[in-house]
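Data block for target_7.pdb (PDB, C-alpha atoms, pLDDT in the B column):
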```pdb
ATOM      1  CA  MET M   1       5.399   8.449 -48.184  1.00 85.00           C
ATOM      2  CA  ARG M   2       8.197   9.710 -50.387  1.00 91.00           C
ATOM      3  CA  VAL M   3      11.727  10.396 -49.178  1.00 91.00           C
ATOM      4  CA  ILE M   4      14.231  12.347 -51.245  1.00 91.00           C
ATOM      5  CA  HIS M   5      17.790  11.141 -50.818  1.00 90.00           C
ATOM      6  CA  ARG M   6      21.214  11.770 -52.294  1.00 87.00           C
ATOM      7  CA  GLU M   7      22.765   9.302 -54.717  1.00 87.00           C
ATOM      8  CA  ASN M   8      25.170   7.778 -52.198  1.00 87.00           C
ATOM      9  CA  SER M   9      23.041   8.028 -49.067  1.00 87.00           C
ATOM     10  CA  ASP M  10      22.528   5.009 -46.831  1.00 86.00           C
ATOM     11  CA  THR M  11      18.768   4.625 -46.423  1.00 86.00           C
ATOM     12  CA  SER M  12      19.181   1.631 -44.107  1.00 84.00           C
ATOM     13  CA  PHE M  13      19.835   4.073 -41.255  1.00 85.00           C
ATOM     14  CA  LEU M  14      16.226   5.240 -41.520  1.00 86.00           C
ATOM     15  CA  LYS M  15      15.043   1.667 -41.091  1.00 86.00           C
ATOM     16  CA  GLN M  16      17.177   1.390 -37.961  1.00 89.00           C
ATOM     17  CA  VAL M  17      15.648   4.592 -36.548  1.00 89.00           C
ATOM     18  CA  PHE M  18      12.151   3.245 -37.245  1.00 87.00           C
ATOM     19  CA  SER M  19      12.991   0.091 -35.300  1.00 90.00           C
ATOM     20  CA  TYR M  20      13.563   2.160 -32.149  1.00 91.00           C
ATOM     21  CA  TYR M  21       9.977   3.402 -32.243  1.00 89.00           C
ATOM     22  CA  ASP M  22       7.883   0.666 -33.797  1.00 86.00           C
ATOM     23  CA  PRO M  23       8.109  -3.136 -33.822  1.00 87.00           C
ATOM     24  CA  GLU M  24       6.681  -3.010 -37.372  1.00 87.00           C
ATOM     25  CA  ALA M  25       9.688  -1.065 -38.708  1.00 86.00           C
ATOM     26  CA  ASP M  26      10.046  -3.315 -41.759  1.00 88.00           C
ATOM     27  CA  MET M  27       6.436  -2.757 -42.767  1.00 90.00           C
ATOM     28  CA  LEU M  28       6.791   1.029 -42.369  1.00 87.00           C
ATOM     29  CA  PHE M  29      10.067   1.072 -44.292  1.00 88.00           C
ATOM     30  CA  LYS M  30       8.491  -0.789 -47.223  1.00 89.00           C
ATOM     31  CA  LYS M  31       5.867   1.966 -47.540  1.00 89.00           C
ATOM     32  CA  ILE M  32       8.533   4.535 -48.409  1.00 90.00           C
ATOM     33  CA  GLU M  33       9.089   5.565 -52.000  1.00 92.00           C
ATOM     34  CA  PHE M  34      12.752   6.578 -52.195  1.00 92.00           C
ATOM     35  CA  VAL M  35      13.454   9.214 -54.858  1.00 93.00           C
ATOM     36  CA  GLN M  36      16.997  10.203 -55.673  1.00 92.00           C
ATOM     37  CA  ALA M  37      17.378  13.972 -56.014  1.00 93.00           C
ATOM     38  CA  ASP M  38      19.749  16.778 -55.148  1.00 92.00           C
ATOM     39  CA  VAL M  39      18.085  19.601 -53.215  1.00 92.00           C
ATOM     40  CA  LEU M  40      20.513  22.032 -54.839  1.00 92.00           C
ATOM     41  CA  ASN M  41      19.178  20.994 -58.267  1.00 92.00           C
ATOM     42  CA  VAL M  42      15.825  22.681 -58.942  1.00 93.00           C
ATOM     43  CA  PRO M  43      14.705  20.412 -61.836  1.00 94.00           C
ATOM     44  CA  ASP M  44      15.397  17.351 -59.625  1.00 91.00           C
ATOM     45  CA  LEU M  45      13.204  18.822 -56.907  1.00 93.00           C
ATOM     46  CA  TYR M  46      10.328  19.657 -59.233  1.00 94.00           C
ATOM     47  CA  GLN M  47      10.320  16.081 -60.460  1.00 94.00           C
ATOM     48  CA  ALA M  48      10.691  14.604 -56.958  1.00 94.00           C
ATOM     49  CA  LEU M  49       7.847  16.715 -55.552  1.00 94.00           C
ATOM     50  CA  ALA M  50       5.370  16.043 -58.366  1.00 94.00           C
ATOM     51  CA  GLY M  51       2.132  14.732 -56.873  1.00 93.00           C
ATOM     52  CA  THR M  52       3.196  15.485 -53.308  1.00 92.00           C
ATOM     53  CA  GLU M  53       0.594  16.960 -50.962  1.00 92.00           C
ATOM     54  CA  ILE M  54       2.576  17.631 -47.782  1.00 90.00           C
ATOM     55  CA  LEU M  55       6.285  18.303 -47.345  1.00 92.00           C
ATOM     56  CA  TYR M  56       8.640  18.142 -44.381  1.00 90.00           C
ATOM     57  CA  HIS M  57      12.005  19.706 -45.234  1.00 90.00           C
ATOM     58  CA  CYS M  58      14.782  18.211 -43.102  1.00 87.00           C
ATOM     59  CA  ALA M  59      17.767  18.517 -45.426  1.00 86.00           C
ATOM     60  CA  ALA M  60      20.595  20.601 -44.032  1.00 89.00           C
ATOM     61  CA  LEU M  61      24.195  20.414 -43.059  1.00 89.00           C
ATOM     62  CA  VAL M  62      24.727  20.608 -39.311  1.00 93.00           C
ATOM     63  CA  SER M  63      28.304  21.241 -38.239  1.00 94.00           C
ATOM     64  CA  PHE M  64      30.443  23.311 -35.936  1.00 96.00           C
ATOM     65  CA  LEU M  65      33.578  22.819 -38.019  1.00 96.00           C
ATOM     66  CA  PRO M  66      35.071  25.998 -39.488  1.00 95.00           C
ATOM     67  CA  ARG M  67      35.655  24.265 -42.835  1.00 95.00           C
ATOM     68  CA  HIS M  68      31.861  23.884 -43.241  1.00 95.00           C
ATOM     69  CA  GLN M  69      31.085  27.597 -42.781  1.00 95.00           C
ATOM     70  CA  ARG M  70      30.575  28.259 -46.494  1.00 93.00           C
ATOM     71  CA  ALA M  71      28.143  25.364 -46.863  1.00 90.00           C
ATOM     72  CA  LEU M  72      26.282  26.427 -43.736  1.00 93.00           C
ATOM     73  CA  ARG M  73      25.928  30.013 -44.950  1.00 94.00           C
ATOM     74  CA  GLU M  74      25.363  29.339 -48.657  1.00 93.00           C
ATOM     75  CA  ASP M  75      24.148  25.785 -49.275  1.00 92.00           C
ATOM     76  CA  ASN M  76      21.656  25.499 -46.410  1.00 93.00           C
ATOM     77  CA  PRO M  77      19.734  28.663 -47.361  1.00 95.00           C
ATOM     78  CA  ALA M  78      19.913  27.686 -51.057  1.00 94.00           C
ATOM     79  CA  MET M  79      18.546  24.210 -50.292  1.00 93.00           C
ATOM     80  CA  THR M  80      15.660  25.679 -48.325  1.00 95.00           C
ATOM     81  CA  ALA M  81      14.873  28.234 -51.047  1.00 95.00           C
ATOM     82  CA  ASN M  82      14.931  25.508 -53.708  1.00 95.00           C
ATOM     83  CA  VAL M  83      12.665  23.211 -51.697  1.00 95.00           C
ATOM     84  CA  VAL M  84      10.187  26.007 -50.917  1.00 94.00           C
ATOM     85  CA  ASN M  85      10.100  27.261 -54.499  1.00 95.00           C
ATOM     86  CA  ALA M  86       9.700  23.759 -55.957  1.00 95.00           C
ATOM     87  CA  ALA M  87       6.978  22.994 -53.422  1.00 94.00           C
ATOM     88  CA  LEU M  88       5.111  26.184 -54.322  1.00 94.00           C
ATOM     89  CA  GLY M  89       5.533  25.414 -58.005  1.00 94.00           C
ATOM     90  CA  GLN M  90       4.109  21.908 -57.525  1.00 94.00           C
ATOM     91  CA  GLY M  91       1.235  23.064 -55.302  1.00 93.00           C
ATOM     92  CA  VAL M  92       2.488  21.317 -52.172  1.00 92.00           C
ATOM     93  CA  LYS M  93       0.769  22.398 -48.949  1.00 81.00           C
TER      94      LYS M  93
END
```

Entire entry expressed as structure tokens:
Amino acid sequence: MRVIHRENSDTSFLKQVFSYYDPEADMLFKKIEFVQADVLNVPDLYQALAGTEILYHCAALVSFLPRHQRALREDNPAMTANVVNAALGQGVK
């Protein structure tokens, strides 16, 4: 399993979430290949998705704050378009 993450993201939170659902959280966490990439950077995505068969896109900003309106309207659709286009380009299902 490969997980794309931002440069400064805290991946330990994922391990904590796993621990809520499975007593073998450490074992599951060790199976993850963490790849640093920015979903707004198309070349990063192409490289991160190379050799990937299946993709679950979960990257988005979720906010109700007015100051995040631009990101919600511009960045979220751009991220999705980049992920879809890179996935198609890499032959991801």

Quick one: which residues end up in the PyMOL selection byres ((chain M and resi 74-81) around 8) for this structure, as a tab-separated table (two decimals) with C-alpha atoms, keeping the file's coordinate frame?
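File produced: out-v6.tsv:
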```
chain	number	residue	atom	x	y	z
M	39	VAL	CA	18.08	19.60	-53.22
M	40	LEU	CA	20.51	22.03	-54.84
M	57	HIS	CA	12.00	19.71	-45.23
M	59	ALA	CA	17.77	18.52	-45.43
M	60	ALA	CA	20.60	20.60	-44.03
M	61	LEU	CA	24.20	20.41	-43.06
M	70	ARG	CA	30.58	28.26	-46.49
M	71	ALA	CA	28.14	25.36	-46.86
M	72	LEU	CA	26.28	26.43	-43.74
M	73	ARG	CA	25.93	30.01	-44.95
M	82	ASN	CA	14.93	25.51	-53.71
M	83	VAL	CA	12.66	23.21	-51.70
M	84	VAL	CA	10.19	26.01	-50.92
M	85	ASN	CA	10.10	27.26	-54.50
```

Using only C-alpha atoms, the residue out of M:Glu33, M:Asp44, M:Asp38, M:Glu24 with shortest distance to Glu7 of chain M is M:Asp38

field: Counting all atoms listed in the file, the residue of M:Ile54, M:Val42, M:Leu88, M:Ala37 that sits nearest Met1 of chain M
entry: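 With all atoms listed in the file as the atom set, the closest residue is M:Ile54.
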
Calculate how many Å separate atom CA of Lys93 of chain M from atom CA of Tyr56 of chain M, rounding to one decimal.
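Result for atom CA of Lys93 of chain M versus atom CA of Tyr56 of chain M: 10.0 Å, one decimal.
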
* **Residue with smallest distance to Gly51 of chain M - pool M:Ile4, M:Ser9, M:Gly91, M:Leu65, counting only C-alpha atoms** =>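 Going through M:Ile4, M:Ser9, M:Gly91, M:Leu65 one by one, the smallest distance to Gly51 of chain M is for M:Gly91.
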
Which residues would end up in the selection if the PyMOL selection byres ((chain M and resi 29) around 12) were applied here, given that I need the answer as a list in words?
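Output from the PyMOL selection byres ((chain M and resi 29) around 12), applied to this file: Met1, Arg2, Val3, Thr11, Ser12, Phe13, Leu14, Lys15, Gln16, Val17, Phe18, Ser19, Asp22, Pro23, Glu24, Ala25, Asp26, Met27, Leu28, Lys30, Lys31, Ile32, Glu33 and Phe34 of chain M.
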
Residue with the minimum atom-to-atom distance to Gln47 of chain M, picked from M:Ala86, M:Arg67, M:Val92, M:Arg6 with only C-alpha atoms counted, is M:Ala86

Item to complete: Could you jot down the atom CA of Leu55 of chain M to atom CA of Gly89 of chain M separation for me, Å, one decimal place?
Response: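 So the two atoms, atom CA of Leu55 of chain M and atom CA of Gly89 of chain M, lie 12.8 Å apart.
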
All heavy atoms are needed for segment 64-75 of chain M; please write them out as a compact mmCIF listing (two decimals), in the frame of the given file.
```txt
# COMPACT_ATOMS: atom_id res chain seq x y z
N PHE M 64 29.78 22.22 -36.65
CA PHE M 64 30.44 23.31 -35.94
C PHE M 64 31.88 23.48 -36.43
O PHE M 64 32.64 24.25 -35.87
CB PHE M 64 30.44 23.04 -34.43
CG PHE M 64 29.06 23.03 -33.84
CD1 PHE M 64 28.43 21.83 -33.54
CD2 PHE M 64 28.36 24.21 -33.63
CE1 PHE M 64 27.15 21.81 -33.02
CE2 PHE M 64 27.08 24.20 -33.11
CZ PHE M 64 26.48 23.00 -32.81
N LEU M 65 32.22 22.76 -37.49
CA LEU M 65 33.58 22.82 -38.02
C LEU M 65 33.76 24.05 -38.90
O LEU M 65 32.93 24.33 -39.77
CB LEU M 65 33.89 21.56 -38.83
CG LEU M 65 33.84 20.25 -38.05
CD1 LEU M 65 34.04 19.07 -38.99
CD2 LEU M 65 34.87 20.25 -36.94
N PRO M 66 34.83 24.80 -38.69
CA PRO M 66 35.07 26.00 -39.49
C PRO M 66 35.11 25.72 -40.99
O PRO M 66 34.68 26.56 -41.78
CB PRO M 66 36.43 26.50 -39.00
CG PRO M 66 36.53 25.97 -37.60
CD PRO M 66 35.83 24.64 -37.63
N ARG M 67 35.56 24.57 -41.40
CA ARG M 67 35.66 24.26 -42.84
C ARG M 67 34.28 24.12 -43.50
O ARG M 67 34.17 24.12 -44.71
CB ARG M 67 36.51 23.03 -43.08
CG ARG M 67 35.89 21.73 -42.65
CD ARG M 67 36.80 20.56 -43.04
NE ARG M 67 36.21 19.30 -42.72
CZ ARG M 67 36.51 18.57 -41.66
NH1 ARG M 67 37.42 18.99 -40.80
NH2 ARG M 67 35.92 17.41 -41.45
N HIS M 68 33.22 24.01 -42.70
CA HIS M 68 31.86 23.88 -43.24
C HIS M 68 31.10 25.22 -43.25
O HIS M 68 29.92 25.24 -43.60
CB HIS M 68 31.07 22.85 -42.44
CG HIS M 68 31.56 21.47 -42.61
ND1 HIS M 68 31.48 20.53 -41.62
CD2 HIS M 68 32.16 20.85 -43.67
CE1 HIS M 68 32.00 19.39 -42.04
NE2 HIS M 68 32.43 19.57 -43.29
N GLN M 69 31.77 26.30 -42.87
CA GLN M 69 31.08 27.60 -42.78
C GLN M 69 30.44 28.01 -44.09
O GLN M 69 29.31 28.51 -44.11
CB GLN M 69 32.05 28.68 -42.32
CG GLN M 69 32.18 28.75 -40.84
CD GLN M 69 32.97 29.98 -40.40
OE1 GLN M 69 33.20 30.89 -41.18
NE2 GLN M 69 33.37 29.99 -39.15
N ARG M 70 31.13 27.85 -45.21
CA ARG M 70 30.58 28.26 -46.49
C ARG M 70 29.30 27.49 -46.79
O ARG M 70 28.28 28.06 -47.17
CB ARG M 70 31.57 28.06 -47.64
CG ARG M 70 31.04 28.63 -48.96
CD ARG M 70 31.60 27.95 -50.20
NE ARG M 70 31.40 26.52 -50.26
CZ ARG M 70 30.25 25.91 -50.61
NH1 ARG M 70 29.18 26.62 -50.89
NH2 ARG M 70 30.17 24.60 -50.64
N ALA M 71 29.33 26.19 -46.60
CA ALA M 71 28.14 25.36 -46.86
C ALA M 71 27.00 25.76 -45.94
O ALA M 71 25.84 25.82 -46.37
CB ALA M 71 28.48 23.89 -46.70
N LEU M 72 27.32 26.03 -44.68
CA LEU M 72 26.28 26.43 -43.74
C LEU M 72 25.64 27.75 -44.14
O LEU M 72 24.43 27.92 -44.03
CB LEU M 72 26.85 26.54 -42.32
CG LEU M 72 27.24 25.22 -41.66
CD1 LEU M 72 28.10 25.47 -40.43
CD2 LEU M 72 26.01 24.43 -41.29
N ARG M 73 26.44 28.68 -44.61
CA ARG M 73 25.93 30.01 -44.95
C ARG M 73 25.34 30.10 -46.36
O ARG M 73 24.48 30.94 -46.61
CB ARG M 73 27.04 31.04 -44.81
CG ARG M 73 27.45 31.25 -43.38
CD ARG M 73 28.48 32.30 -43.27
NE ARG M 73 28.92 32.37 -41.89
CZ ARG M 73 29.74 33.27 -41.44
NH1 ARG M 73 30.21 34.19 -42.25
NH2 ARG M 73 30.10 33.28 -40.18
N GLU M 74 25.81 29.24 -47.27
CA GLU M 74 25.36 29.34 -48.66
C GLU M 74 24.46 28.17 -49.06
O GLU M 74 23.39 28.39 -49.61
CB GLU M 74 26.57 29.42 -49.60
CG GLU M 74 27.39 30.68 -49.41
CD GLU M 74 28.65 30.70 -50.26
OE1 GLU M 74 28.72 29.93 -51.25
OE2 GLU M 74 29.57 31.46 -49.92
N ASP M 75 24.91 26.96 -48.82
CA ASP M 75 24.15 25.78 -49.28
C ASP M 75 22.85 25.59 -48.50
O ASP M 75 21.81 25.31 -49.10
CB ASP M 75 24.99 24.51 -49.19
CG ASP M 75 26.13 24.49 -50.20
OD1 ASP M 75 26.16 25.37 -51.09
OD2 ASP M 75 26.99 23.60 -50.10
```
